[in-house]
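S.K.: Provided below: query-v2.txt, containing compact mmCIF, N, CA and C atoms.
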```txt
# COMPACT_ATOMS: atom_id res chain seq x y z
N MET A 1 -93.06 -132.58 21.55
CA MET A 1 -93.45 -131.88 20.34
C MET A 1 -92.95 -130.44 20.42
N ILE A 2 -92.45 -129.96 19.29
CA ILE A 2 -92.05 -128.57 19.14
C ILE A 2 -93.09 -127.89 18.23
N ALA A 3 -93.64 -126.78 18.69
CA ALA A 3 -94.56 -126.00 17.87
C ALA A 3 -93.82 -124.77 17.34
N VAL A 4 -94.33 -124.23 16.25
CA VAL A 4 -93.67 -123.10 15.60
C VAL A 4 -94.65 -121.94 15.46
N ASP A 5 -94.21 -120.77 15.89
CA ASP A 5 -95.01 -119.55 15.84
C ASP A 5 -94.93 -118.93 14.43
N THR A 6 -95.85 -118.03 14.19
CA THR A 6 -95.98 -117.37 12.89
C THR A 6 -94.69 -116.74 12.41
N ASN A 7 -93.99 -116.02 13.27
CA ASN A 7 -92.81 -115.28 12.80
C ASN A 7 -91.74 -116.21 12.23
N ILE A 8 -91.54 -117.36 12.84
CA ILE A 8 -90.55 -118.31 12.31
C ILE A 8 -91.01 -118.85 10.96
N LEU A 9 -92.32 -119.12 10.83
CA LEU A 9 -92.86 -119.60 9.56
C LEU A 9 -92.66 -118.56 8.45
N VAL A 10 -92.95 -117.31 8.77
CA VAL A 10 -92.79 -116.24 7.77
C VAL A 10 -91.33 -116.10 7.38
N TYR A 11 -90.43 -116.05 8.36
CA TYR A 11 -89.01 -115.92 8.06
C TYR A 11 -88.51 -117.09 7.21
N ALA A 12 -88.98 -118.28 7.49
CA ALA A 12 -88.55 -119.46 6.73
C ALA A 12 -89.03 -119.40 5.29
N HIS A 13 -90.17 -118.79 5.07
CA HIS A 13 -90.77 -118.71 3.74
C HIS A 13 -90.24 -117.55 2.91
N ARG A 14 -90.11 -116.38 3.52
CA ARG A 14 -89.76 -115.18 2.78
C ARG A 14 -88.25 -115.05 2.62
N THR A 15 -87.79 -115.18 1.38
CA THR A 15 -86.35 -115.10 1.12
C THR A 15 -85.80 -113.70 1.37
N ASP A 16 -86.66 -112.70 1.43
CA ASP A 16 -86.20 -111.34 1.68
C ASP A 16 -86.11 -111.01 3.17
N SER A 17 -86.38 -111.97 4.02
CA SER A 17 -86.25 -111.76 5.46
C SER A 17 -84.78 -111.87 5.86
N GLU A 18 -84.34 -111.00 6.74
CA GLU A 18 -82.96 -111.09 7.23
C GLU A 18 -82.74 -112.39 8.01
N TRP A 19 -83.80 -113.00 8.49
CA TRP A 19 -83.72 -114.24 9.26
C TRP A 19 -84.06 -115.47 8.43
N HIS A 20 -84.15 -115.30 7.10
CA HIS A 20 -84.59 -116.41 6.24
C HIS A 20 -83.72 -117.66 6.38
N GLU A 21 -82.43 -117.53 6.23
CA GLU A 21 -81.58 -118.72 6.23
C GLU A 21 -81.64 -119.50 7.55
N PRO A 22 -81.46 -118.85 8.70
CA PRO A 22 -81.56 -119.64 9.93
C PRO A 22 -82.96 -120.22 10.16
N ALA A 23 -84.00 -119.47 9.81
CA ALA A 23 -85.36 -119.98 10.00
C ALA A 23 -85.64 -121.15 9.06
N ARG A 24 -85.21 -121.03 7.82
CA ARG A 24 -85.39 -122.12 6.86
C ARG A 24 -84.64 -123.37 7.32
N SER A 25 -83.44 -123.17 7.82
CA SER A 25 -82.64 -124.29 8.31
C SER A 25 -83.31 -124.97 9.51
N ARG A 26 -83.82 -124.18 10.46
CA ARG A 26 -84.50 -124.76 11.64
C ARG A 26 -85.76 -125.52 11.23
N MET A 27 -86.52 -124.95 10.27
CA MET A 27 -87.72 -125.64 9.80
C MET A 27 -87.36 -126.93 9.09
N ARG A 28 -86.27 -126.93 8.34
CA ARG A 28 -85.84 -128.15 7.67
C ARG A 28 -85.46 -129.21 8.71
N GLU A 29 -84.76 -128.79 9.78
CA GLU A 29 -84.42 -129.73 10.85
C GLU A 29 -85.68 -130.37 11.43
N LEU A 30 -86.70 -129.57 11.63
CA LEU A 30 -87.94 -130.10 12.19
C LEU A 30 -88.66 -131.02 11.21
N THR A 31 -88.85 -130.56 9.98
CA THR A 31 -89.63 -131.35 9.02
C THR A 31 -88.92 -132.64 8.61
N GLU A 32 -87.59 -132.67 8.70
CA GLU A 32 -86.85 -133.86 8.33
C GLU A 32 -86.42 -134.67 9.54
N GLY A 33 -86.80 -134.22 10.72
CA GLY A 33 -86.37 -134.88 11.95
C GLY A 33 -87.38 -135.88 12.47
N ARG A 34 -87.17 -136.27 13.73
CA ARG A 34 -88.02 -137.27 14.37
C ARG A 34 -88.94 -136.68 15.44
N VAL A 35 -88.67 -135.44 15.83
CA VAL A 35 -89.49 -134.79 16.85
C VAL A 35 -90.79 -134.32 16.18
N ARG A 36 -91.91 -134.54 16.87
CA ARG A 36 -93.19 -134.10 16.31
C ARG A 36 -93.20 -132.58 16.19
N LEU A 37 -93.74 -132.11 15.08
CA LEU A 37 -93.83 -130.68 14.75
C LEU A 37 -95.27 -130.25 14.83
N GLY A 38 -95.57 -129.32 15.73
CA GLY A 38 -96.92 -128.80 15.87
C GLY A 38 -97.06 -127.46 15.15
N LEU A 39 -98.08 -127.37 14.33
CA LEU A 39 -98.38 -126.14 13.62
C LEU A 39 -99.76 -125.67 14.09
N PRO A 40 -99.79 -124.70 15.01
CA PRO A 40 -101.08 -124.21 15.50
C PRO A 40 -101.88 -123.55 14.38
N TRP A 41 -103.16 -123.89 14.29
CA TRP A 41 -104.01 -123.31 13.25
C TRP A 41 -103.94 -121.78 13.22
N PRO A 42 -104.00 -121.09 14.37
CA PRO A 42 -103.93 -119.62 14.28
C PRO A 42 -102.64 -119.13 13.64
N CYS A 43 -101.55 -119.86 13.81
CA CYS A 43 -100.27 -119.47 13.20
C CYS A 43 -100.29 -119.71 11.69
N ILE A 44 -100.96 -120.76 11.25
CA ILE A 44 -101.10 -120.99 9.82
C ILE A 44 -101.92 -119.87 9.19
N HIS A 45 -103.05 -119.53 9.82
CA HIS A 45 -103.88 -118.43 9.31
C HIS A 45 -103.09 -117.13 9.24
N GLU A 46 -102.38 -116.83 10.32
CA GLU A 46 -101.61 -115.59 10.39
C GLU A 46 -100.45 -115.60 9.38
N PHE A 47 -99.80 -116.74 9.22
CA PHE A 47 -98.73 -116.86 8.22
C PHE A 47 -99.24 -116.48 6.84
N ILE A 48 -100.37 -117.04 6.45
CA ILE A 48 -100.93 -116.75 5.12
C ILE A 48 -101.29 -115.27 5.01
N ALA A 49 -101.89 -114.71 6.06
CA ALA A 49 -102.27 -113.30 6.03
C ALA A 49 -101.05 -112.39 5.91
N VAL A 50 -100.00 -112.68 6.65
CA VAL A 50 -98.79 -111.83 6.64
C VAL A 50 -98.03 -112.00 5.32
N ALA A 51 -97.79 -113.22 4.91
CA ALA A 51 -96.98 -113.47 3.71
C ALA A 51 -97.61 -112.90 2.45
N THR A 52 -98.93 -112.83 2.40
CA THR A 52 -99.62 -112.35 1.20
C THR A 52 -100.04 -110.89 1.30
N HIS A 53 -99.67 -110.20 2.37
CA HIS A 53 -100.12 -108.82 2.60
C HIS A 53 -99.28 -107.83 1.81
N PRO A 54 -99.90 -107.09 0.89
CA PRO A 54 -99.14 -106.16 0.05
C PRO A 54 -98.58 -104.94 0.79
N LYS A 55 -99.06 -104.65 1.99
CA LYS A 55 -98.51 -103.53 2.75
C LYS A 55 -97.36 -103.98 3.64
N ILE A 56 -97.14 -105.28 3.71
CA ILE A 56 -96.01 -105.81 4.48
C ILE A 56 -94.86 -106.19 3.56
N TYR A 57 -95.19 -106.83 2.43
CA TYR A 57 -94.15 -107.28 1.48
C TYR A 57 -94.43 -106.72 0.10
N ASP A 58 -93.36 -106.32 -0.58
CA ASP A 58 -93.46 -105.81 -1.94
C ASP A 58 -92.41 -106.50 -2.79
N PRO A 59 -92.80 -107.48 -3.55
CA PRO A 59 -94.16 -107.99 -3.71
C PRO A 59 -94.48 -109.02 -2.62
N PRO A 60 -95.76 -109.16 -2.32
CA PRO A 60 -96.15 -110.19 -1.35
C PRO A 60 -96.09 -111.56 -2.00
N SER A 61 -96.10 -112.58 -1.19
CA SER A 61 -96.23 -113.94 -1.72
C SER A 61 -97.63 -114.06 -2.31
N SER A 62 -97.74 -114.82 -3.37
CA SER A 62 -99.08 -115.06 -3.91
C SER A 62 -99.79 -116.05 -2.98
N MET A 63 -101.10 -116.10 -3.07
CA MET A 63 -101.85 -117.06 -2.26
C MET A 63 -101.40 -118.48 -2.59
N ALA A 64 -101.17 -118.75 -3.85
CA ALA A 64 -100.72 -120.10 -4.25
C ALA A 64 -99.37 -120.44 -3.62
N GLU A 65 -98.45 -119.47 -3.56
CA GLU A 65 -97.14 -119.71 -2.94
C GLU A 65 -97.29 -119.98 -1.44
N ALA A 66 -98.13 -119.21 -0.78
CA ALA A 66 -98.33 -119.41 0.66
C ALA A 66 -98.97 -120.77 0.94
N ILE A 67 -99.95 -121.12 0.15
CA ILE A 67 -100.61 -122.42 0.31
C ILE A 67 -99.64 -123.56 0.02
N ASP A 68 -98.85 -123.42 -1.03
CA ASP A 68 -97.84 -124.45 -1.35
C ASP A 68 -96.86 -124.62 -0.20
N GLN A 69 -96.49 -123.51 0.44
CA GLN A 69 -95.56 -123.60 1.57
C GLN A 69 -96.16 -124.39 2.72
N VAL A 70 -97.41 -124.08 3.05
CA VAL A 70 -98.08 -124.81 4.14
C VAL A 70 -98.19 -126.29 3.76
N ASP A 71 -98.56 -126.57 2.53
CA ASP A 71 -98.64 -127.97 2.09
C ASP A 71 -97.30 -128.68 2.23
N ALA A 72 -96.21 -127.98 1.90
CA ALA A 72 -94.87 -128.59 2.01
C ALA A 72 -94.56 -128.93 3.46
N TRP A 73 -94.86 -128.02 4.39
CA TRP A 73 -94.63 -128.33 5.81
C TRP A 73 -95.47 -129.51 6.26
N LEU A 74 -96.72 -129.55 5.80
CA LEU A 74 -97.63 -130.62 6.22
C LEU A 74 -97.31 -131.98 5.60
N GLU A 75 -96.50 -131.99 4.55
CA GLU A 75 -96.07 -133.26 3.96
C GLU A 75 -95.12 -134.02 4.87
N SER A 76 -94.52 -133.33 5.82
CA SER A 76 -93.61 -134.00 6.74
C SER A 76 -94.39 -135.00 7.58
N PRO A 77 -93.86 -136.20 7.74
CA PRO A 77 -94.56 -137.21 8.55
C PRO A 77 -94.64 -136.85 10.03
N VAL A 78 -93.85 -135.88 10.48
CA VAL A 78 -93.89 -135.50 11.90
C VAL A 78 -94.78 -134.29 12.15
N ALA A 79 -95.31 -133.67 11.09
CA ALA A 79 -96.10 -132.45 11.24
C ALA A 79 -97.56 -132.77 11.57
N GLU A 80 -98.13 -131.93 12.43
CA GLU A 80 -99.56 -132.03 12.70
C GLU A 80 -100.10 -130.65 13.03
N LEU A 81 -101.34 -130.44 12.62
CA LEU A 81 -102.03 -129.18 12.91
C LEU A 81 -102.59 -129.24 14.32
N LEU A 82 -102.45 -128.15 15.06
CA LEU A 82 -102.95 -128.08 16.42
C LEU A 82 -104.23 -127.26 16.45
N ALA A 83 -105.32 -127.94 16.82
CA ALA A 83 -106.63 -127.30 16.87
C ALA A 83 -107.16 -127.32 18.30
N GLU A 84 -108.20 -126.55 18.52
CA GLU A 84 -108.84 -126.51 19.83
C GLU A 84 -109.39 -127.89 20.19
N THR A 85 -109.25 -128.23 21.47
CA THR A 85 -109.82 -129.46 22.01
C THR A 85 -110.99 -129.07 22.91
N GLY A 86 -111.64 -130.06 23.49
CA GLY A 86 -112.73 -129.78 24.41
C GLY A 86 -112.29 -129.01 25.64
N ALA A 87 -111.01 -129.09 25.97
CA ALA A 87 -110.47 -128.40 27.15
C ALA A 87 -109.95 -127.00 26.82
N HIS A 88 -110.13 -126.57 25.59
CA HIS A 88 -109.51 -125.30 25.16
C HIS A 88 -109.92 -124.12 26.04
N TRP A 89 -111.20 -123.97 26.32
CA TRP A 89 -111.61 -122.81 27.08
C TRP A 89 -110.97 -122.79 28.46
N THR A 90 -110.90 -123.93 29.11
CA THR A 90 -110.30 -123.98 30.44
C THR A 90 -108.83 -123.58 30.39
N VAL A 91 -108.11 -124.12 29.44
CA VAL A 91 -106.68 -123.80 29.32
C VAL A 91 -106.49 -122.34 28.93
N LEU A 92 -107.27 -121.87 27.96
CA LEU A 92 -107.16 -120.47 27.52
C LEU A 92 -107.48 -119.52 28.66
N LYS A 93 -108.55 -119.79 29.38
CA LYS A 93 -108.94 -118.92 30.50
C LYS A 93 -107.81 -118.82 31.52
N ASN A 94 -107.18 -119.95 31.82
CA ASN A 94 -106.06 -119.94 32.77
C ASN A 94 -104.90 -119.09 32.26
N GLN A 95 -104.60 -119.18 30.98
CA GLN A 95 -103.51 -118.39 30.40
C GLN A 95 -103.84 -116.90 30.41
N LEU A 96 -105.08 -116.57 30.09
CA LEU A 96 -105.50 -115.16 30.08
C LEU A 96 -105.38 -114.55 31.47
N LEU A 97 -105.83 -115.28 32.47
CA LEU A 97 -105.81 -114.75 33.82
C LEU A 97 -104.39 -114.72 34.40
N ALA A 98 -103.62 -115.78 34.17
CA ALA A 98 -102.26 -115.85 34.71
C ALA A 98 -101.37 -114.77 34.11
N GLY A 99 -101.57 -114.47 32.83
CA GLY A 99 -100.74 -113.48 32.16
C GLY A 99 -101.27 -112.06 32.26
N ARG A 100 -102.46 -111.91 32.86
CA ARG A 100 -103.10 -110.58 32.95
C ARG A 100 -103.12 -109.91 31.59
N LEU A 101 -103.70 -110.61 30.63
CA LEU A 101 -103.65 -110.19 29.24
C LEU A 101 -104.86 -109.38 28.82
N ARG A 102 -104.67 -108.67 27.72
CA ARG A 102 -105.75 -107.95 27.06
C ARG A 102 -105.28 -107.58 25.67
N GLY A 103 -106.22 -107.19 24.85
CA GLY A 103 -105.89 -106.73 23.50
C GLY A 103 -105.20 -107.77 22.64
N PRO A 104 -104.18 -107.36 21.90
CA PRO A 104 -103.54 -108.25 20.93
C PRO A 104 -102.89 -109.50 21.54
N THR A 105 -102.53 -109.44 22.82
CA THR A 105 -101.88 -110.60 23.42
C THR A 105 -102.85 -111.76 23.63
N VAL A 106 -104.15 -111.52 23.44
CA VAL A 106 -105.13 -112.62 23.53
C VAL A 106 -104.84 -113.64 22.43
N HIS A 107 -104.41 -113.18 21.27
CA HIS A 107 -104.03 -114.11 20.19
C HIS A 107 -102.88 -115.01 20.65
N ASP A 108 -101.89 -114.42 21.30
CA ASP A 108 -100.76 -115.21 21.80
C ASP A 108 -101.24 -116.23 22.84
N ALA A 109 -102.20 -115.83 23.68
CA ALA A 109 -102.73 -116.76 24.67
C ALA A 109 -103.44 -117.93 24.00
N ARG A 110 -104.11 -117.67 22.90
CA ARG A 110 -104.76 -118.75 22.15
C ARG A 110 -103.72 -119.75 21.65
N VAL A 111 -102.64 -119.25 21.08
CA VAL A 111 -101.57 -120.12 20.59
C VAL A 111 -100.97 -120.90 21.76
N ALA A 112 -100.70 -120.22 22.86
CA ALA A 112 -100.13 -120.88 24.04
C ALA A 112 -101.07 -121.97 24.55
N ALA A 113 -102.36 -121.68 24.62
CA ALA A 113 -103.33 -122.67 25.10
C ALA A 113 -103.37 -123.90 24.19
N LEU A 114 -103.31 -123.69 22.91
CA LEU A 114 -103.27 -124.82 21.96
C LEU A 114 -102.03 -125.67 22.21
N CYS A 115 -100.90 -125.02 22.38
CA CYS A 115 -99.65 -125.74 22.61
C CYS A 115 -99.71 -126.55 23.90
N ILE A 116 -100.18 -125.93 24.95
CA ILE A 116 -100.26 -126.62 26.25
C ILE A 116 -101.20 -127.81 26.16
N ALA A 117 -102.36 -127.62 25.54
CA ALA A 117 -103.34 -128.71 25.44
C ALA A 117 -102.81 -129.89 24.63
N HIS A 118 -101.91 -129.62 23.69
CA HIS A 118 -101.37 -130.69 22.84
C HIS A 118 -100.04 -131.23 23.34
N GLY A 119 -99.61 -130.81 24.51
CA GLY A 119 -98.39 -131.34 25.09
C GLY A 119 -97.11 -130.85 24.44
N VAL A 120 -97.15 -129.66 23.86
CA VAL A 120 -95.95 -129.08 23.26
C VAL A 120 -94.90 -128.85 24.35
N THR A 121 -93.69 -129.32 24.09
CA THR A 121 -92.62 -129.15 25.07
C THR A 121 -91.88 -127.82 24.87
N GLU A 122 -91.96 -127.28 23.64
CA GLU A 122 -91.27 -126.03 23.36
C GLU A 122 -91.93 -125.33 22.18
N LEU A 123 -92.13 -124.03 22.31
CA LEU A 123 -92.63 -123.21 21.21
C LEU A 123 -91.46 -122.42 20.65
N TRP A 124 -91.22 -122.58 19.35
CA TRP A 124 -90.19 -121.79 18.70
C TRP A 124 -90.81 -120.49 18.22
N THR A 125 -90.27 -119.37 18.70
CA THR A 125 -90.80 -118.06 18.37
C THR A 125 -89.72 -117.01 18.55
N ALA A 126 -89.86 -115.92 17.80
CA ALA A 126 -88.99 -114.76 18.00
C ALA A 126 -89.71 -113.71 18.84
N ASP A 127 -90.87 -114.04 19.34
CA ASP A 127 -91.70 -113.13 20.13
C ASP A 127 -91.48 -113.39 21.62
N ARG A 128 -90.87 -112.44 22.30
CA ARG A 128 -90.55 -112.59 23.73
C ARG A 128 -91.80 -112.59 24.62
N ASP A 129 -92.93 -112.16 24.09
CA ASP A 129 -94.16 -112.14 24.88
C ASP A 129 -94.59 -113.54 25.33
N PHE A 130 -94.16 -114.56 24.64
CA PHE A 130 -94.57 -115.92 25.01
C PHE A 130 -93.95 -116.38 26.32
N GLY A 131 -92.97 -115.67 26.81
CA GLY A 131 -92.38 -115.99 28.10
C GLY A 131 -93.33 -115.79 29.27
N ARG A 132 -94.44 -115.13 29.05
CA ARG A 132 -95.38 -114.84 30.13
C ARG A 132 -96.40 -115.95 30.37
N PHE A 133 -96.35 -117.02 29.58
CA PHE A 133 -97.35 -118.08 29.72
C PHE A 133 -96.80 -119.24 30.53
N PRO A 134 -97.37 -119.45 31.71
CA PRO A 134 -96.91 -120.58 32.54
C PRO A 134 -97.24 -121.91 31.86
N GLY A 135 -96.31 -122.83 31.97
CA GLY A 135 -96.55 -124.16 31.41
C GLY A 135 -96.12 -124.30 29.96
N LEU A 136 -95.52 -123.24 29.37
CA LEU A 136 -95.07 -123.32 28.00
C LEU A 136 -93.66 -122.75 27.90
N ALA A 137 -92.72 -123.58 27.50
CA ALA A 137 -91.34 -123.13 27.28
C ALA A 137 -91.26 -122.53 25.88
N ALA A 138 -90.82 -121.29 25.80
CA ALA A 138 -90.65 -120.62 24.50
C ALA A 138 -89.16 -120.35 24.29
N ARG A 139 -88.73 -120.55 23.04
CA ARG A 139 -87.31 -120.37 22.71
C ARG A 139 -87.19 -119.80 21.31
N ASN A 140 -86.25 -118.88 21.13
CA ASN A 140 -85.97 -118.35 19.82
C ASN A 140 -84.89 -119.24 19.18
N PRO A 141 -85.26 -120.07 18.20
CA PRO A 141 -84.29 -120.98 17.59
C PRO A 141 -83.32 -120.29 16.64
N LEU A 142 -83.55 -119.00 16.39
CA LEU A 142 -82.67 -118.26 15.48
C LEU A 142 -81.44 -117.74 16.20
N LEU A 143 -81.47 -117.77 17.53
CA LEU A 143 -80.35 -117.31 18.34
C LEU A 143 -79.72 -118.53 19.00
N ARG A 144 -78.79 -119.13 18.33
CA ARG A 144 -78.17 -120.36 18.86
C ARG A 144 -77.04 -120.04 19.77
```
As structure tokens, how would this structure be written, given the file I've shared?
M.R.:
Amino acid sequence: MIAVDTNILVYAHRTDSEWHEPARSRMRELTEGRVRLGLPWPCIHEFIAVATHPKIYDPPSSMAEAIDQVDAWLESPVAELLAETGAHWTVLKNQLLAGRLRGPTVHDARVAALCIAHGVTELWTADRDFGRFPGLAARNPLLR
């Protein structure tokens, strides 16, 4: 399974992003492909918050546009939402301690823990901070 981080989702959605075309193309490959696509819940929440934020985008995406985008990704037969399991705390605690994390990187640890618990083989992200999580391969699919 390949999971996708917030930044790739935002770039794929926002036509005004300099990374829009490659991100949209990579997302199309995933949604139309055979490899399972994991969408971590925290990334969906963050995608909606970022895409609709008027201080980030002018104009921002409307809530309806952001929701329609998530619905479109979820229509793919290979897509699934990644939520916390009963083992979440154990996995998250290990990631927090191994990465010596604090502050905003705790969010990244949550995403990493979800991916690890769901057997994600690769996380697609433009955020280099994900390289600090043992047991999770992170790759920027925009840099081929």
S.K.: Quick one: residues within 6 Å of stretch 69-84 of chain A, all atoms listed in the file, excluding same-chain residues fewer than 6 positions away - as a short mmCIF file (atom, residue, chain, number, x, y, z; two decimals) with N, CA and C atoms, in the frame of the given file?
M.R.:
```
data_model
loop_
_atom_site.label_atom_id
_atom_site.label_comp_id
_atom_site.auth_asym_id
_atom_site.auth_seq_id
_atom_site.Cartn_x
_atom_site.Cartn_y
_atom_site.Cartn_z
N THR A 31 -88.85 -130.56 9.98
CA THR A 31 -89.63 -131.35 9.02
C THR A 31 -88.92 -132.64 8.61
N VAL A 35 -88.67 -135.44 15.83
CA VAL A 35 -89.49 -134.79 16.85
C VAL A 35 -90.79 -134.32 16.18
N ARG A 36 -91.91 -134.54 16.87
CA ARG A 36 -93.19 -134.10 16.31
C ARG A 36 -93.20 -132.58 16.19
N LEU A 37 -93.74 -132.11 15.08
CA LEU A 37 -93.83 -130.68 14.75
C LEU A 37 -95.27 -130.25 14.83
N GLY A 38 -95.57 -129.32 15.73
CA GLY A 38 -96.92 -128.80 15.87
C GLY A 38 -97.06 -127.46 15.15
N LEU A 39 -98.08 -127.37 14.33
CA LEU A 39 -98.38 -126.14 13.62
C LEU A 39 -99.76 -125.67 14.09
N PRO A 40 -99.79 -124.70 15.01
CA PRO A 40 -101.08 -124.21 15.50
C PRO A 40 -101.88 -123.55 14.38
N TRP A 41 -103.16 -123.89 14.29
CA TRP A 41 -104.01 -123.31 13.25
C TRP A 41 -103.94 -121.78 13.22
N LEU A 114 -103.31 -123.69 22.91
CA LEU A 114 -103.27 -124.82 21.96
C LEU A 114 -102.03 -125.67 22.21
#
```
S.K.: Do a neighbour search on A:Cys43 at 6 Å with only N, CA and C atoms, toss out local chain neighbours closer than 3 positions, and write the hits as JSON, numbers by chain.
M.R.: {"A": [5, 6, 40, 46, 47, 48]}
S.K.: Give me, please, the distance in Å between atom CA of A:Ala51 and atom C of A:Ala23, quoted to one decimal.
M.R.: 14.7 Å
S.K.: Using only C-alpha atoms, what residues lie at most 10 Å away from (-89.2, -124.3, 9.3) (file coordinates), given as a ChimeraX atom specification?
M.R.: /A:4-5,8-13,20-32,37,73,124
S.K.: Between atom CA of A:Thr105 and atom CA of A:Phe130, what is the distance, to one decimal in Å?
M.R.: 9.2 Å
S.K.: Could you tell me which of A:Leu143, A:Val120, A:Val111, A:Ala64 comes closest to A:Ile2 if we count all atoms listed in the file?
M.R.: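 Distance minimum relative to A:Ile2 lands on A:Val120.
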S.K.: For A:Ser62, find every residue with an atom within 7 Å (counting all atoms listed in the file), except residues of its own chain fewer than 3 positions away, and show them as a PDB file with N, CA and C atoms, in the frame of the given file.
M.R.:
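Result saved to out_37.pdb:
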```pdb
ATOM      1  N   ALA A  51     -97.790-113.220   4.910  1.00  0.00           N
ATOM      2  CA  ALA A  51     -96.980-113.470   3.710  1.00  0.00           C
ATOM      3  C   ALA A  51     -97.610-112.900   2.450  1.00  0.00           C
ATOM      4  N   THR A  52     -98.930-112.830   2.400  1.00  0.00           N
ATOM      5  CA  THR A  52     -99.620-112.350   1.200  1.00  0.00           C
ATOM      6  C   THR A  52    -100.040-110.890   1.300  1.00  0.00           C
ATOM      7  N   PRO A  59     -92.800-107.480  -3.550  1.00  0.00           N
ATOM      8  CA  PRO A  59     -94.160-107.990  -3.710  1.00  0.00           C
ATOM      9  C   PRO A  59     -94.480-109.020  -2.620  1.00  0.00           C
ATOM     10  N   GLU A  65     -98.450-119.470  -3.560  1.00  0.00           N
ATOM     11  CA  GLU A  65     -97.140-119.710  -2.940  1.00  0.00           C
ATOM     12  C   GLU A  65     -97.290-119.980  -1.440  1.00  0.00           C
ATOM     13  N   ALA A  66     -98.130-119.210  -0.780  1.00  0.00           N
ATOM     14  CA  ALA A  66     -98.330-119.410   0.660  1.00  0.00           C
ATOM     15  C   ALA A  66     -98.970-120.770   0.940  1.00  0.00           C
ATOM     16  N   ILE A  67     -99.950-121.120   0.150  1.00  0.00           N
ATOM     17  CA  ILE A  67    -100.610-122.420   0.310  1.00  0.00           C
ATOM     18  C   ILE A  67     -99.640-123.560   0.020  1.00  0.00           C
TER      19      ILE A  67
END
```
S.K.: Give me, as a JSON list (two decimals) with N, CA and C atoms, in the frame of the given file, all polymer residues having an atom no more than 7 Å from A:Arg132, counting only N, CA and C atoms and skipping those fewer than 2 positions away in the same chain.
M.R.:
```json
[["chain", "number", "residue", "atom", "x", "y", "z"],
["A", 98, "ALA", "N", -103.62, -115.78, 34.17],
["A", 98, "ALA", "CA", -102.26, -115.85, 34.71],
["A", 98, "ALA", "C", -101.37, -114.77, 34.11],
["A", 99, "GLY", "N", -101.57, -114.47, 32.83],
["A", 99, "GLY", "CA", -100.74, -113.48, 32.16],
["A", 99, "GLY", "C", -101.27, -112.06, 32.26],
["A", 128, "ARG", "N", -90.87, -112.44, 22.30],
["A", 128, "ARG", "CA", -90.55, -112.59, 23.73],
["A", 128, "ARG", "C", -91.80, -112.59, 24.62],
["A", 129, "ASP", "N", -92.93, -112.16, 24.09],
["A", 129, "ASP", "CA", -94.16, -112.14, 24.88],
["A", 129, "ASP", "C", -94.59, -113.54, 25.33],
["A", 130, "PHE", "N", -94.16, -114.56, 24.64],
["A", 130, "PHE", "CA", -94.57, -115.92, 25.01],
["A", 130, "PHE", "C", -93.95, -116.38, 26.32],
["A", 134, "PRO", "N", -97.37, -119.45, 31.71],
["A", 134, "PRO", "CA", -96.91, -120.58, 32.54],
["A", 134, "PRO", "C", -97.24, -121.91, 31.86]]
```
S.K.: Please give the centre and size of the box around stretch 5-20 of chain A (axis-aligned, containing every atom listed in the file, 5 Å added per side), with values in Å to one decimal and written as JSON.
M.R.:
```
{"center_x": -89.4, "center_y": -115.9, "center_z": 8.5, "size_x": 23.2, "size_y": 19.8, "size_z": 24.8}
```
S.K.: One decimal, in Å: what's the spacing between atom CA of A:Pro60 and atom CA of A:Asp16?
M.R.: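 Distance reported for this atom pair: 10.5 Å.
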S.K.: Given only C-alpha atoms as the basis, pick out the residue of A:His118, A:His107, A:Arg139, A:Arg100 nearest to A:Ala87.
M.R.: A:His118
S.K.: Please run DSSP on the backbone and report, as a ChimeraX atom specification, all residues within chain A that come out as alpha helix (DSSP H).
M.R.: /A:6-13,20-31,41-51,63-74,88-99,105-117
S.K.: Residues of chain A in strand (DSSP E) according to DSSP, as a PyMOL selection string?
M.R.: chain A and resi 2-4+37-40+79-82+122-124+138-139
S.K.: Store the residues picked out above in a file with N, CA and C atoms, as a compact mmCIF listing (two decimals), keeping the file's coordinate frame.
M.R.:
```txt
# COMPACT_ATOMS: atom_id res chain seq x y z
N ILE A 2 -92.45 -129.96 19.29
CA ILE A 2 -92.05 -128.57 19.14
C ILE A 2 -93.09 -127.89 18.23
N ALA A 3 -93.64 -126.78 18.69
CA ALA A 3 -94.56 -126.00 17.87
C ALA A 3 -93.82 -124.77 17.34
N VAL A 4 -94.33 -124.23 16.25
CA VAL A 4 -93.67 -123.10 15.60
C VAL A 4 -94.65 -121.94 15.46
N LEU A 37 -93.74 -132.11 15.08
CA LEU A 37 -93.83 -130.68 14.75
C LEU A 37 -95.27 -130.25 14.83
N GLY A 38 -95.57 -129.32 15.73
CA GLY A 38 -96.92 -128.80 15.87
C GLY A 38 -97.06 -127.46 15.15
N LEU A 39 -98.08 -127.37 14.33
CA LEU A 39 -98.38 -126.14 13.62
C LEU A 39 -99.76 -125.67 14.09
N PRO A 40 -99.79 -124.70 15.01
CA PRO A 40 -101.08 -124.21 15.50
C PRO A 40 -101.88 -123.55 14.38
N ALA A 79 -95.31 -133.67 11.09
CA ALA A 79 -96.10 -132.45 11.24
C ALA A 79 -97.56 -132.77 11.57
N GLU A 80 -98.13 -131.93 12.43
CA GLU A 80 -99.56 -132.03 12.70
C GLU A 80 -100.10 -130.65 13.03
N LEU A 81 -101.34 -130.44 12.62
CA LEU A 81 -102.03 -129.18 12.91
C LEU A 81 -102.59 -129.24 14.32
N LEU A 82 -102.45 -128.15 15.06
CA LEU A 82 -102.95 -128.08 16.42
C LEU A 82 -104.23 -127.26 16.45
N GLU A 122 -91.96 -127.28 23.64
CA GLU A 122 -91.27 -126.03 23.36
C GLU A 122 -91.93 -125.33 22.18
N LEU A 123 -92.13 -124.03 22.31
CA LEU A 123 -92.63 -123.21 21.21
C LEU A 123 -91.46 -122.42 20.65
N TRP A 124 -91.22 -122.58 19.35
CA TRP A 124 -90.19 -121.79 18.70
C TRP A 124 -90.81 -120.49 18.22
N ALA A 138 -90.82 -121.29 25.80
CA ALA A 138 -90.65 -120.62 24.50
C ALA A 138 -89.16 -120.35 24.29
N ARG A 139 -88.73 -120.55 23.04
CA ARG A 139 -87.31 -120.37 22.71
C ARG A 139 -87.19 -119.80 21.31
```
